[in-house]
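Structure file protein_14.cif; described as mmCIF, C-alpha atoms and all ligand atoms.
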```
data_model
loop_
_atom_site.label_atom_id
_atom_site.label_comp_id
_atom_site.auth_asym_id
_atom_site.auth_seq_id
_atom_site.Cartn_x
_atom_site.Cartn_y
_atom_site.Cartn_z
CA MET S 1 -23.04 23.61 -16.20
CA LYS S 2 -20.98 23.00 -13.04
CA ARG S 3 -22.12 24.58 -9.79
CA ILE S 4 -19.31 25.90 -7.63
CA LEU S 5 -19.62 26.85 -3.97
CA ILE S 6 -16.80 29.26 -3.10
CA THR S 7 -15.96 29.49 0.61
CA GLY S 8 -13.99 32.43 2.01
CA ALA S 9 -15.12 34.40 -1.05
CA ASN S 10 -14.39 37.74 0.66
CA GLY S 11 -10.66 37.02 0.99
CA LEU S 12 -7.90 37.93 -1.46
CA LEU S 13 -8.01 34.64 -3.35
CA GLY S 14 -11.79 34.27 -2.99
CA GLN S 15 -12.34 37.58 -4.78
CA ALA S 16 -9.80 36.80 -7.52
CA ILE S 17 -11.44 33.40 -8.13
CA THR S 18 -14.94 34.90 -8.13
CA SER S 19 -14.13 37.61 -10.62
CA LEU S 20 -12.05 35.42 -12.98
CA PHE S 21 -14.55 32.54 -12.95
CA LYS S 22 -17.42 34.92 -13.65
CA ARG S 23 -15.52 36.46 -16.55
CA GLU S 24 -13.98 33.37 -18.11
CA SER S 25 -16.20 30.37 -17.33
CA ASP S 26 -19.84 29.42 -17.52
CA PHE S 27 -19.83 27.88 -14.04
CA ASP S 28 -22.77 28.65 -11.80
CA LEU S 29 -21.15 30.40 -8.80
CA LEU S 30 -22.29 30.78 -5.19
CA GLN S 31 -20.12 33.01 -3.03
CA SER S 32 -19.97 32.40 0.71
CA SER S 33 -18.02 33.78 3.65
CA VAL S 34 -18.46 34.76 7.29
CA GLU S 35 -19.62 38.31 6.61
CA ASP S 36 -23.27 39.27 5.99
CA ALA S 37 -22.64 40.39 2.40
CA PRO S 38 -20.09 39.93 -0.39
CA PHE S 39 -17.24 42.44 -0.55
CA LEU S 40 -17.08 41.89 -4.29
CA ASP S 41 -20.67 42.43 -5.37
CA ILE S 42 -20.88 41.47 -9.04
CA GLY S 43 -24.42 40.19 -9.09
CA LEU S 44 -23.75 36.63 -7.90
CA ASP S 45 -25.67 34.76 -5.24
CA TYR S 46 -24.12 35.00 -1.79
CA ILE S 47 -24.74 33.10 1.40
CA LYS S 48 -23.28 33.68 4.86
CA MET S 49 -21.55 30.43 5.79
CA ASP S 50 -19.02 29.64 8.51
CA ILE S 51 -17.10 26.53 7.48
CA THR S 52 -16.33 25.69 11.11
CA ASN S 53 -20.08 25.10 11.57
CA LYS S 54 -20.78 21.56 10.33
CA GLU S 55 -24.56 21.99 10.20
CA GLU S 56 -24.31 25.26 8.29
CA VAL S 57 -22.08 23.63 5.68
CA LYS S 58 -24.43 20.62 5.35
CA LYS S 59 -27.47 22.89 4.99
CA THR S 60 -25.82 24.98 2.28
CA VAL S 61 -24.60 21.95 0.35
CA ASN S 62 -28.02 20.28 0.52
CA LYS S 63 -29.83 23.44 -0.55
CA TYR S 64 -27.48 24.53 -3.32
CA SER S 65 -26.25 21.08 -4.55
CA PRO S 66 -22.86 22.20 -5.84
CA ASP S 67 -20.58 19.94 -7.88
CA VAL S 68 -17.47 21.51 -6.40
CA ILE S 69 -16.56 23.16 -3.08
CA LEU S 70 -13.73 25.60 -3.74
CA ASN S 71 -12.25 26.40 -0.36
CA CYS S 72 -10.60 29.82 -0.11
CA ALA S 73 -11.28 30.17 3.64
CA ALA S 74 -8.39 29.74 6.06
CA PHE S 75 -6.67 31.12 9.14
CA THR S 76 -3.83 32.81 7.24
CA ASP S 77 -2.05 34.85 9.91
CA VAL S 78 1.04 32.72 10.36
CA ASP S 79 2.23 34.39 13.59
CA LYS S 80 -1.22 34.36 15.20
CA CYS S 81 -1.43 30.62 14.45
CA GLU S 82 1.41 30.15 16.97
CA THR S 83 -0.55 31.81 19.77
CA GLU S 84 -4.16 31.08 18.74
CA ARG S 85 -3.64 27.40 18.07
CA GLU S 86 -7.16 26.16 18.78
CA GLN S 87 -8.74 28.69 16.46
CA CYS S 88 -6.12 27.96 13.79
CA TRP S 89 -6.79 24.20 13.98
CA ARG S 90 -10.56 24.68 14.00
CA LEU S 91 -10.46 26.67 10.77
CA ASN S 92 -7.55 25.07 8.93
CA VAL S 93 -8.19 21.42 9.84
CA ASP S 94 -11.53 20.69 11.55
CA ALA S 95 -13.45 22.81 9.03
CA ILE S 96 -11.91 20.79 6.17
CA LYS S 97 -13.42 17.72 7.80
CA ASN S 98 -16.80 19.51 7.71
CA LEU S 99 -16.37 20.05 3.97
CA ILE S 100 -15.40 16.39 3.52
CA ILE S 101 -18.45 15.21 5.50
CA SER S 102 -20.73 17.19 3.17
CA ALA S 103 -18.83 16.31 0.00
CA ARG S 104 -18.53 12.53 0.40
CA PRO S 105 -22.21 11.45 0.26
CA ASN S 106 -22.85 13.82 -2.63
CA ASN S 107 -19.71 12.87 -4.62
CA LEU S 108 -18.51 16.47 -4.72
CA LYS S 109 -15.04 17.61 -5.59
CA ILE S 110 -13.10 19.78 -3.13
CA ILE S 111 -10.46 22.25 -4.24
CA HIS S 112 -8.23 23.30 -1.37
CA TYR S 113 -5.15 25.51 -0.98
CA SER S 114 -1.97 24.75 0.88
CA THR S 115 1.43 26.32 1.24
CA ASP S 116 5.21 25.94 1.10
CA TYR S 117 5.08 26.35 4.91
CA ILE S 118 4.55 22.57 5.07
CA PHE S 119 8.31 22.39 4.35
CA ASP S 120 11.23 23.38 6.57
CA GLY S 121 13.05 25.50 3.97
CA LYS S 122 16.32 23.63 4.30
CA ASN S 123 16.52 22.38 0.71
CA GLY S 124 13.92 24.07 -1.50
CA PRO S 125 12.58 24.46 -4.09
CA TYR S 126 10.08 21.68 -3.59
CA LYS S 127 8.14 19.38 -5.89
CA GLU S 128 4.69 17.97 -5.18
CA ASP S 129 6.20 14.74 -3.84
CA SER S 130 8.92 16.30 -1.68
CA ILE S 131 8.77 15.21 1.97
CA PRO S 132 6.99 17.78 4.17
CA HIS S 133 8.45 18.91 7.48
CA PRO S 134 6.58 21.95 8.85
CA ILE S 135 8.37 24.21 11.35
CA SER S 136 5.38 26.39 12.33
CA PHE S 137 1.91 25.66 13.70
CA TYR S 138 0.36 27.17 10.55
CA GLY S 139 2.45 24.76 8.45
CA ARG S 140 1.39 21.83 10.62
CA SER S 141 -2.27 22.79 10.32
CA LYS S 142 -2.09 23.11 6.52
CA LEU S 143 -0.30 19.76 6.21
CA ALA S 144 -2.98 18.17 8.42
CA SER S 145 -5.65 19.63 6.12
CA GLU S 146 -3.93 18.08 3.08
CA ASN S 147 -3.73 14.72 4.84
CA ALA S 148 -7.38 14.85 5.92
CA LEU S 149 -8.40 15.37 2.31
CA ILE S 150 -6.12 12.66 0.92
CA ILE S 151 -7.15 10.08 3.52
CA SER S 152 -10.86 10.88 3.03
CA GLY S 153 -10.77 9.57 -0.53
CA VAL S 154 -12.95 12.48 -1.65
CA ASP S 155 -12.18 13.69 -5.19
CA SER S 156 -9.90 16.66 -4.56
CA ILE S 157 -7.28 19.03 -5.88
CA ILE S 158 -4.77 20.43 -3.41
CA ILE S 159 -3.04 23.52 -4.75
CA ARG S 160 0.12 24.60 -2.96
CA THR S 161 1.06 28.23 -3.38
CA MET S 162 3.13 30.93 -1.65
CA VAL S 163 3.45 34.68 -0.99
CA LEU S 164 0.22 35.86 -2.60
CA PHE S 165 -0.09 39.45 -3.73
CA GLY S 166 -2.84 41.31 -5.48
CA VAL S 167 -5.72 43.67 -4.94
CA GLY S 168 -9.21 43.15 -3.59
CA ILE S 169 -11.96 45.00 -1.76
CA LYS S 170 -11.33 45.30 2.02
CA VAL S 171 -8.74 42.49 1.87
CA LYS S 172 -5.96 42.13 4.44
CA SER S 173 -2.69 43.71 3.45
CA ASN S 174 -0.15 41.53 1.64
CA PHE S 175 3.62 41.77 1.22
CA ALA S 176 3.54 43.79 -2.03
CA LEU S 177 0.71 46.07 -0.93
CA TRP S 178 2.47 46.81 2.36
CA MET S 179 5.65 47.75 0.47
CA VAL S 180 3.77 50.01 -1.94
CA ASN S 181 1.91 51.76 0.88
CA ASN S 182 5.19 52.54 2.67
CA LEU S 183 7.41 53.39 -0.29
CA ARG S 184 4.86 55.69 -1.93
CA ASN S 185 5.05 57.81 1.27
CA ASN S 186 8.86 57.58 1.29
CA THR S 187 8.80 55.49 4.47
CA PRO S 188 11.91 53.27 4.79
CA ILE S 189 11.28 49.51 5.08
CA ASN S 190 13.36 46.54 6.24
CA ILE S 191 13.30 43.55 3.91
CA VAL S 192 14.94 40.17 4.47
CA ASP S 193 17.47 38.92 1.95
CA ASP S 194 17.75 35.37 3.33
CA MET S 195 14.20 34.20 2.52
CA ILE S 196 13.99 32.74 -0.94
CA GLY S 197 11.01 31.52 -2.90
CA ASN S 198 8.36 32.30 -5.50
CA SER S 199 5.73 34.98 -5.12
CA THR S 200 2.32 34.59 -6.69
CA MET S 201 0.07 37.13 -8.37
CA VAL S 202 -3.36 36.12 -7.07
CA ASP S 203 -4.96 36.38 -10.53
CA ASP S 204 -2.43 33.83 -11.76
CA LEU S 205 -3.42 31.45 -8.96
CA ALA S 206 -7.09 31.89 -9.88
CA TYR S 207 -6.23 31.16 -13.51
CA GLY S 208 -4.27 28.02 -12.55
CA THR S 209 -7.25 26.87 -10.48
CA LEU S 210 -9.58 27.34 -13.45
CA LYS S 211 -7.23 25.27 -15.62
CA ALA S 212 -7.17 22.50 -13.00
CA LEU S 213 -10.95 22.46 -12.77
CA GLU S 214 -11.46 22.51 -16.53
CA ARG S 215 -9.15 19.52 -16.89
CA ASP S 216 -10.83 17.71 -14.00
CA ALA S 217 -7.42 17.30 -12.35
CA ARG S 218 -6.94 15.56 -9.03
CA GLY S 219 -4.07 15.37 -6.56
CA ILE S 220 -1.46 17.94 -5.57
CA TYR S 221 -0.27 20.81 -7.80
CA ASN S 222 2.19 23.63 -7.11
CA ILE S 223 0.87 26.91 -8.55
CA THR S 224 3.03 30.00 -8.03
CA GLY S 225 4.84 32.71 -9.96
CA ALA S 226 7.70 31.62 -12.21
CA ASP S 227 10.88 32.89 -10.59
CA ILE S 228 12.52 31.99 -7.29
CA ILE S 229 14.21 35.01 -5.72
CA SER S 230 14.83 36.60 -2.31
CA ARG S 231 12.32 38.94 -0.71
CA PHE S 232 14.88 41.72 -1.06
CA ASP S 233 15.20 41.12 -4.82
CA PHE S 234 11.39 41.14 -5.04
CA ALA S 235 11.47 44.58 -3.38
CA MET S 236 14.07 45.80 -5.89
CA ILE S 237 11.87 44.71 -8.83
CA LEU S 238 8.89 46.40 -7.17
CA CYS S 239 10.92 49.63 -6.89
CA ASP S 240 11.78 49.42 -10.60
CA VAL S 241 8.15 48.86 -11.60
CA PHE S 242 6.72 51.61 -9.38
CA ASN S 243 9.69 53.94 -9.73
CA PHE S 244 10.28 54.02 -5.98
CA ASN S 245 13.54 55.07 -4.32
CA LYS S 246 15.55 51.88 -3.75
CA THR S 247 17.60 53.41 -0.93
CA LEU S 248 14.44 53.30 1.23
CA VAL S 249 14.73 49.48 1.28
CA ARG S 250 17.12 48.21 3.96
CA LYS S 251 18.46 44.65 3.88
CA ILE S 252 18.01 42.61 7.06
CA LYS S 253 18.00 38.96 8.16
CA THR S 254 14.85 37.00 9.05
CA LYS S 255 16.05 36.28 12.59
CA ASP S 256 16.19 40.06 13.26
CA LEU S 257 12.40 40.26 12.84
CA ASN S 258 11.84 38.08 15.94
CA GLN S 259 8.59 36.72 14.53
CA PRO S 260 6.65 34.20 16.66
CA ALA S 261 6.52 31.65 13.80
CA LEU S 262 9.58 30.22 12.08
CA ARG S 263 9.64 30.59 8.30
CA PRO S 264 11.09 28.24 5.67
CA LEU S 265 14.08 30.22 4.33
CA ASN S 266 15.43 28.32 1.36
CA SER S 267 11.98 27.56 -0.04
CA GLY S 268 10.16 27.78 -3.36
CA LEU S 269 7.76 25.53 -5.27
CA ILE S 270 8.49 23.92 -8.63
CA THR S 271 5.53 24.38 -10.99
CA TYR S 272 6.61 22.00 -13.75
CA LYS S 273 3.71 19.57 -13.08
CA ALA S 274 1.06 22.30 -13.39
CA GLU S 275 2.76 23.64 -16.51
CA THR S 276 2.88 20.29 -18.28
CA GLU S 277 -0.37 18.70 -17.05
CA LEU S 278 -2.61 21.77 -16.83
CA GLY S 279 -1.08 24.10 -19.39
CA PHE S 280 -0.51 26.68 -16.63
CA LYS S 281 1.91 29.43 -17.68
CA PRO S 282 3.03 31.39 -14.62
CA MET S 283 3.90 35.07 -14.73
CA ASP S 284 7.29 36.07 -13.37
CA THR S 285 7.69 38.73 -10.68
CA LEU S 286 8.13 41.56 -13.17
CA GLU S 287 4.98 40.67 -15.12
CA GLY S 288 2.99 40.11 -11.92
CA LEU S 289 4.03 43.44 -10.44
CA ARG S 290 3.27 45.30 -13.68
CA LEU S 291 -0.28 43.91 -13.59
CA PHE S 292 -0.50 44.74 -9.88
CA LYS S 293 0.53 48.35 -10.59
CA TYR S 294 -2.12 48.62 -13.30
CA GLN S 295 -4.79 47.20 -10.96
CA LEU S 296 -3.81 49.71 -8.25
CA GLY S 297 -4.35 52.49 -10.77
CA PHE S 298 -0.79 53.86 -10.65
N1 LIG X 1 -1.76 34.70 1.45
C1 LIG X 1 -0.70 33.96 1.18
O1 LIG X 1 0.43 34.48 1.03
C2 LIG X 1 -0.84 32.46 1.07
C3 LIG X 1 0.31 31.70 0.86
C4 LIG X 1 0.18 30.31 0.74
C5 LIG X 1 -1.07 29.72 0.83
N2 LIG X 1 -2.17 30.49 1.04
C6 LIG X 1 -3.47 29.82 1.16
O2 LIG X 1 -4.34 30.36 0.18
C7 LIG X 1 -5.69 30.36 0.66
C8 LIG X 1 -6.32 31.74 0.49
O3 LIG X 1 -5.56 32.68 1.22
P1 LIG X 1 -5.90 34.25 1.20
O4 LIG X 1 -4.62 34.98 1.25
O5 LIG X 1 -6.89 34.57 0.14
O6 LIG X 1 -6.59 34.39 2.64
P2 LIG X 1 -7.50 35.58 3.23
O7 LIG X 1 -7.39 36.80 2.40
O8 LIG X 1 -7.16 35.63 4.67
O9 LIG X 1 -8.96 35.00 3.02
C9 LIG X 1 -9.53 34.02 3.83
C10 LIG X 1 -11.00 34.34 3.93
O10 LIG X 1 -11.62 33.32 4.72
C11 LIG X 1 -12.57 33.98 5.57
N3 LIG X 1 -12.91 33.17 6.72
C12 LIG X 1 -12.34 33.22 7.97
N4 LIG X 1 -12.93 32.34 8.78
C13 LIG X 1 -13.91 31.73 8.06
C14 LIG X 1 -14.88 30.76 8.36
N5 LIG X 1 -14.96 30.21 9.57
N6 LIG X 1 -15.74 30.38 7.38
C15 LIG X 1 -15.67 30.93 6.16
N7 LIG X 1 -14.77 31.87 5.81
C16 LIG X 1 -13.89 32.27 6.75
C17 LIG X 1 -11.84 35.24 5.97
O11 LIG X 1 -12.75 36.17 6.54
P3 LIG X 1 -12.17 37.22 7.64
O12 LIG X 1 -11.19 38.06 6.90
O13 LIG X 1 -13.39 37.94 8.08
O14 LIG X 1 -11.51 36.38 8.71
C18 LIG X 1 -11.27 35.68 4.64
O15 LIG X 1 -12.21 36.44 3.89
C19 LIG X 1 -5.60 29.84 2.10
O16 LIG X 1 -5.86 28.47 2.13
C20 LIG X 1 -4.14 30.07 2.48
O17 LIG X 1 -3.71 29.18 3.48
C21 LIG X 1 -2.08 31.85 1.16
#
```

Can you dump the structure from the file as structure tokens?
Amino acid sequence: MKRILITGANGLLGQAITSLFKRESDFDLLQSSVEDAPFLDIGLDYIKMDITNKEEVKKTVNKYSPDVILNCAAFTDVDKCETEREQCWRLNVDAIKNLIISARPNNLKIIHYSTDYIFDGKNGPYKEDSIPHPISFYGRSKLASENALIISGVDSIIIRTMVLFGVGIKVKSNFALWMVNNLRNNTPINIVDDMIGNSTMVDDLAYGTLKALERDARGIYNITGADIISRFDFAMILCDVFNFNKTLVRKIKTKDLNQPALRPLNSGLITYKAETELGFKPMDTLEGLRLFKYQLGF
């Protein structure tokens, strides 16, 4: 039975991975994150572990002897990464080196997540071998983390994904959740129509990860939802699914948001490799949002 150490287990993806793996695999799971206790308490072992602390990572790996480190921890606030660069680099890049240092002598596999933000969004959608060109500090940090893993020679899977949505206990808000929370109170929202890409139901990403692990894959895989649409069209589908008033959604352009970090506009990830090699079958936006609605208890 494989032993899996999950880092960042209290985050959106960490919780989805933990609950799916417990339900659908016989892996021995150890949850870890920076908090004192697991947010998702389903009877699994939990250890407080900060991946930026090299000694803490070493100690945990030596004590628990996992076969796989599944890294769900990251500095995910794209705009804050522009202004809190040191902290962003420490968590998104230096901490990956800590995982590598613990993994290499023990021949462990590392599963790590990356993003379409490693691309500039001039000519998406992108394949696994498209040439990266990040336009934000977050994108640069995630690309550096990919490169650190590849250069290390450690057995690894890098999963690129984008625009996660889903539910979890005490998780940060995400694009779909933010829309639901506003529209259910009839609060108007501004949504960009010039940002194009996939969105990803977090349970689908967890499922794709399980497939990759079961097939002992290695290398880079794109795992996202099936369809590539604008954020505005995503909002329209969400209104259909939740029966919200579409006139509350106003169309705007990304530049009008004046966000600190630049975003790739014409983006998207092509999932053909994961579909053919891993047997991953992505949900489309409609299916993902229907599941999301069910999980929210609407
Ligand atoms: N969300 C998206 O739309 C998206 C898109 C593309 C790629 N990704 C990638 O997918 C992965 C998972 O993202 P997510 O949305 O699940 O992120 P998330 O919800 O922000 O979860 C990250 C978790 O890591 C924890 N963490 C922070 N610092 C840590 C440390 N030093 N040691 C251990 N854990 C730490 C966080 O705790 P605190 O909350 O207490 O800080 C949080 O629970 C990341 O690699 C991200 O870059 C996400």

Record the distance separating atom CA of S:Gly288 and atom C3 of ligand LIG 1 (chain X), expressed in Å with one decimal.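 Distance reported for this atom pair: 15.5 Å.
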
Which residues are near S:Trp178? Cut-off 10 Å, only C-alpha atoms, ignore same chain within fewer than 5 positions. Put them as a CSV table (one decimal) with C-alpha atoms, in the frame of the given file.
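Result file follows (out_5.csv):
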```csv
chain,number,residue,atom,x,y,z
S,165,PHE,CA,-0.1,39.4,-3.7
S,172,LYS,CA,-6.0,42.1,4.4
S,173,SER,CA,-2.7,43.7,3.4
S,183,LEU,CA,7.4,53.4,-0.3
S,189,ILE,CA,11.3,49.5,5.1
```

How big is the axis-aligned box around all listed atoms of ligand LIG 1 (chain X) once 8 Å goes on each side, and where's its centre, in Å to one decimal, as lines of an AutoDock Vina configuration file?
```
center_x = -7.7
center_y = 33.3
center_z = 4.9
size_x = 32.2
size_y = 25.6
size_z = 25.4
```

S:Ile229 surroundings by all atoms listed in the file, 12 Å radius, close-in-sequence under 6 positions cut, as a list in words: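 The residues satisfying every condition are Gly124, Pro125, Val163, Val192, Asp193, Asp194, Met195, Ile196, Gly197, Asn198, Ser199, Thr200, Ala235, Met236, Ile237, Leu265, Asn266, Ser267, Gly268, Leu269, Asp284, Thr285 and Leu286 of chain S.
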
Could you give me, as a ChimeraX atom specification, the residues within 6 Å of S:Leu5, counting all atoms listed in the file and dropping anything in the same chain fewer than 3 positions from it? /S:30,66,69

One decimal, Å: what's the distance from atom CA of S:Phe21 over to atom CA of S:Tyr272, could you say?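 Computing the Euclidean distance for atom CA of S:Phe21 and atom CA of S:Tyr272 yields 23.7 Å.
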
List the spatial neighbours of stretch 255-264 of chain S as a PyMOL selection string - criterion: any atom at most 7 Å away, all atoms listed in the file, same-chain residues fewer than 6 positions off excluded. chain S and resi 78-79+82+117+119-121+135-136

So that each row is one residue of chain S with an atom at most 8 Å from ligand LIG 1 (chain X), can you give its shortest atom pair and the distance in Å to one decimal, using only C-alpha atoms and all ligand atoms, rows by chain and rising number, as a Markdown table?
```
| residue | atom | partner | partner_atom | distance |
| --- | --- | --- | --- | --- |
| S:Thr7 | CA | X:LIG1 | C15 | 5.7 |
| S:Gly8 | CA | X:LIG1 | O10 | 3.7 |
| S:Ala9 | CA | X:LIG1 | O15 | 6.1 |
| S:Asn10 | CA | X:LIG1 | O15 | 4.1 |
| S:Gly11 | CA | X:LIG1 | O9 | 3.3 |
| S:Leu12 | CA | X:LIG1 | O5 | 3.9 |
| S:Leu13 | CA | X:LIG1 | O5 | 3.7 |
| S:Gly14 | CA | X:LIG1 | O5 | 5.8 |
| S:Gln15 | CA | X:LIG1 | O5 | 7.9 |
| S:Ser32 | CA | X:LIG1 | C15 | 7.1 |
| S:Ser33 | CA | X:LIG1 | N7 | 4.3 |
| S:Val34 | CA | X:LIG1 | C15 | 4.9 |
| S:Glu35 | CA | X:LIG1 | O13 | 6.4 |
| S:Met49 | CA | X:LIG1 | C15 | 5.9 |
| S:Asp50 | CA | X:LIG1 | N6 | 3.5 |
| S:Ile51 | CA | X:LIG1 | N6 | 4.1 |
| S:Thr52 | CA | X:LIG1 | N5 | 5.0 |
| S:Asn53 | CA | X:LIG1 | N5 | 7.5 |
| S:Asn71 | CA | X:LIG1 | O16 | 7.2 |
| S:Cys72 | CA | X:LIG1 | C8 | 4.7 |
| S:Ala73 | CA | X:LIG1 | O10 | 3.3 |
| S:Ala74 | CA | X:LIG1 | O16 | 4.8 |
| S:Phe75 | CA | X:LIG1 | C12 | 6.2 |
| S:Thr76 | CA | X:LIG1 | O8 | 5.1 |
| S:Asp77 | CA | X:LIG1 | O8 | 7.4 |
| S:Leu91 | CA | X:LIG1 | N5 | 5.8 |
| S:Asn92 | CA | X:LIG1 | O16 | 7.8 |
| S:Ala95 | CA | X:LIG1 | N5 | 7.6 |
| S:His112 | CA | X:LIG1 | O16 | 6.7 |
| S:Tyr113 | CA | X:LIG1 | O16 | 4.4 |
| S:Ser114 | CA | X:LIG1 | C5 | 5.1 |
| S:Thr115 | CA | X:LIG1 | C4 | 4.2 |
| S:Asp116 | CA | X:LIG1 | C4 | 6.7 |
| S:Tyr117 | CA | X:LIG1 | C4 | 7.6 |
| S:Lys142 | CA | X:LIG1 | O17 | 7.0 |
| S:Arg160 | CA | X:LIG1 | C5 | 6.5 |
| S:Thr161 | CA | X:LIG1 | C4 | 4.7 |
| S:Met162 | CA | X:LIG1 | C4 | 3.8 |
| S:Val163 | CA | X:LIG1 | O1 | 3.6 |
| S:Leu164 | CA | X:LIG1 | O1 | 3.9 |
| S:Phe165 | CA | X:LIG1 | O1 | 6.9 |
| S:Val171 | CA | X:LIG1 | O7 | 5.9 |
| S:Lys172 | CA | X:LIG1 | O7 | 5.9 |
| S:Asn174 | CA | X:LIG1 | N1 | 7.0 |
| S:Phe175 | CA | X:LIG1 | O1 | 8.0 |
| S:Thr200 | CA | X:LIG1 | O1 | 7.9 |
```

Please write the residues from the selection above to a file, keeping C-alpha atoms, as a PDB file, keeping the file's coordinate frame.
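Result written to again-v4.pdb:
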```
ATOM      1  CA  THR S   7     -15.960  29.490   0.610  1.00  0.00           C
ATOM      2  CA  GLY S   8     -13.990  32.430   2.010  1.00  0.00           C
ATOM      3  CA  ALA S   9     -15.120  34.400  -1.050  1.00  0.00           C
ATOM      4  CA  ASN S  10     -14.390  37.740   0.660  1.00  0.00           C
ATOM      5  CA  GLY S  11     -10.660  37.020   0.990  1.00  0.00           C
ATOM      6  CA  LEU S  12      -7.900  37.930  -1.460  1.00  0.00           C
ATOM      7  CA  LEU S  13      -8.010  34.640  -3.350  1.00  0.00           C
ATOM      8  CA  GLY S  14     -11.790  34.270  -2.990  1.00  0.00           C
ATOM      9  CA  GLN S  15     -12.340  37.580  -4.780  1.00  0.00           C
ATOM     10  CA  SER S  32     -19.970  32.400   0.710  1.00  0.00           C
ATOM     11  CA  SER S  33     -18.020  33.780   3.650  1.00  0.00           C
ATOM     12  CA  VAL S  34     -18.460  34.760   7.290  1.00  0.00           C
ATOM     13  CA  GLU S  35     -19.620  38.310   6.610  1.00  0.00           C
ATOM     14  CA  MET S  49     -21.550  30.430   5.790  1.00  0.00           C
ATOM     15  CA  ASP S  50     -19.020  29.640   8.510  1.00  0.00           C
ATOM     16  CA  ILE S  51     -17.100  26.530   7.480  1.00  0.00           C
ATOM     17  CA  THR S  52     -16.330  25.690  11.110  1.00  0.00           C
ATOM     18  CA  ASN S  53     -20.080  25.100  11.570  1.00  0.00           C
ATOM     19  CA  ASN S  71     -12.250  26.400  -0.360  1.00  0.00           C
ATOM     20  CA  CYS S  72     -10.600  29.820  -0.110  1.00  0.00           C
ATOM     21  CA  ALA S  73     -11.280  30.170   3.640  1.00  0.00           C
ATOM     22  CA  ALA S  74      -8.390  29.740   6.060  1.00  0.00           C
ATOM     23  CA  PHE S  75      -6.670  31.120   9.140  1.00  0.00           C
ATOM     24  CA  THR S  76      -3.830  32.810   7.240  1.00  0.00           C
ATOM     25  CA  ASP S  77      -2.050  34.850   9.910  1.00  0.00           C
ATOM     26  CA  LEU S  91     -10.460  26.670  10.770  1.00  0.00           C
ATOM     27  CA  ASN S  92      -7.550  25.070   8.930  1.00  0.00           C
ATOM     28  CA  ALA S  95     -13.450  22.810   9.030  1.00  0.00           C
ATOM     29  CA  HIS S 112      -8.230  23.300  -1.370  1.00  0.00           C
ATOM     30  CA  TYR S 113      -5.150  25.510  -0.980  1.00  0.00           C
ATOM     31  CA  SER S 114      -1.970  24.750   0.880  1.00  0.00           C
ATOM     32  CA  THR S 115       1.430  26.320   1.240  1.00  0.00           C
ATOM     33  CA  ASP S 116       5.210  25.940   1.100  1.00  0.00           C
ATOM     34  CA  TYR S 117       5.080  26.350   4.910  1.00  0.00           C
ATOM     35  CA  LYS S 142      -2.090  23.110   6.520  1.00  0.00           C
ATOM     36  CA  ARG S 160       0.120  24.600  -2.960  1.00  0.00           C
ATOM     37  CA  THR S 161       1.060  28.230  -3.380  1.00  0.00           C
ATOM     38  CA  MET S 162       3.130  30.930  -1.650  1.00  0.00           C
ATOM     39  CA  VAL S 163       3.450  34.680  -0.990  1.00  0.00           C
ATOM     40  CA  LEU S 164       0.220  35.860  -2.600  1.00  0.00           C
ATOM     41  CA  PHE S 165      -0.090  39.450  -3.730  1.00  0.00           C
ATOM     42  CA  VAL S 171      -8.740  42.490   1.870  1.00  0.00           C
ATOM     43  CA  LYS S 172      -5.960  42.130   4.440  1.00  0.00           C
ATOM     44  CA  ASN S 174      -0.150  41.530   1.640  1.00  0.00           C
ATOM     45  CA  PHE S 175       3.620  41.770   1.220  1.00  0.00           C
ATOM     46  CA  THR S 200       2.320  34.590  -6.690  1.00  0.00           C
TER      47      THR S 200
END
```

Go through stretch 101-192 of chain S and flag each residue having an atom no more than 7 Å from stretch 205-218 of chain S; for those, report the closest pair of atoms plus their distance in Å to one decimal, using only C-alpha atoms, ordered by chain and rising number, as CSV.
```
residue,atom,partner,partner_atom,distance
S:Asp155,CA,S:Arg218,CA,6.8
S:Ser156,CA,S:Arg218,CA,5.5
S:Ile157,CA,S:Arg218,CA,4.7
```

Contacts of S:Val249 at 7 Å or less, counting only C-alpha atoms, minus same-chain residues fewer than 4 places along, as number ranges by chain? S: 188-191

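The two atoms in question, atom CA of S:Arg250 and atom CA of S:Phe234, are spaced 12.8 Å apart.
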
Hey, which of S:Ala103, S:Ile42, S:Leu108, S:Met201 ends up closest to S:Gly166? Count only C-alpha atoms.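 Of S:Ala103, S:Ile42, S:Leu108, S:Met201, the one nearest S:Gly166, counting only C-alpha atoms, is S:Met201.
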
Protein, DNA and RNA residues within 7 Å of (6.7, 23.5, -8.4), only C-alpha atoms, as an MDAnalysis selection string: chainID S and resid 126:128 222:223 269:273

Selection above as a file: C-alpha atoms, as an mmCIF file, keeping the file's coordinate frame:
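Once written, result-v1.cif looks like this:
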```
data_model
loop_
_atom_site.group_PDB
_atom_site.id
_atom_site.type_symbol
_atom_site.label_atom_id
_atom_site.label_comp_id
_atom_site.auth_asym_id
_atom_site.auth_seq_id
_atom_site.Cartn_x
_atom_site.Cartn_y
_atom_site.Cartn_z
ATOM 1 C CA TYR S 126 10.080 21.680 -3.590
ATOM 2 C CA LYS S 127 8.140 19.380 -5.890
ATOM 3 C CA GLU S 128 4.690 17.970 -5.180
ATOM 4 C CA ASN S 222 2.190 23.630 -7.110
ATOM 5 C CA ILE S 223 0.870 26.910 -8.550
ATOM 6 C CA LEU S 269 7.760 25.530 -5.270
ATOM 7 C CA ILE S 270 8.490 23.920 -8.630
ATOM 8 C CA THR S 271 5.530 24.380 -10.990
ATOM 9 C CA TYR S 272 6.610 22.000 -13.750
ATOM 10 C CA LYS S 273 3.710 19.570 -13.080
#
```
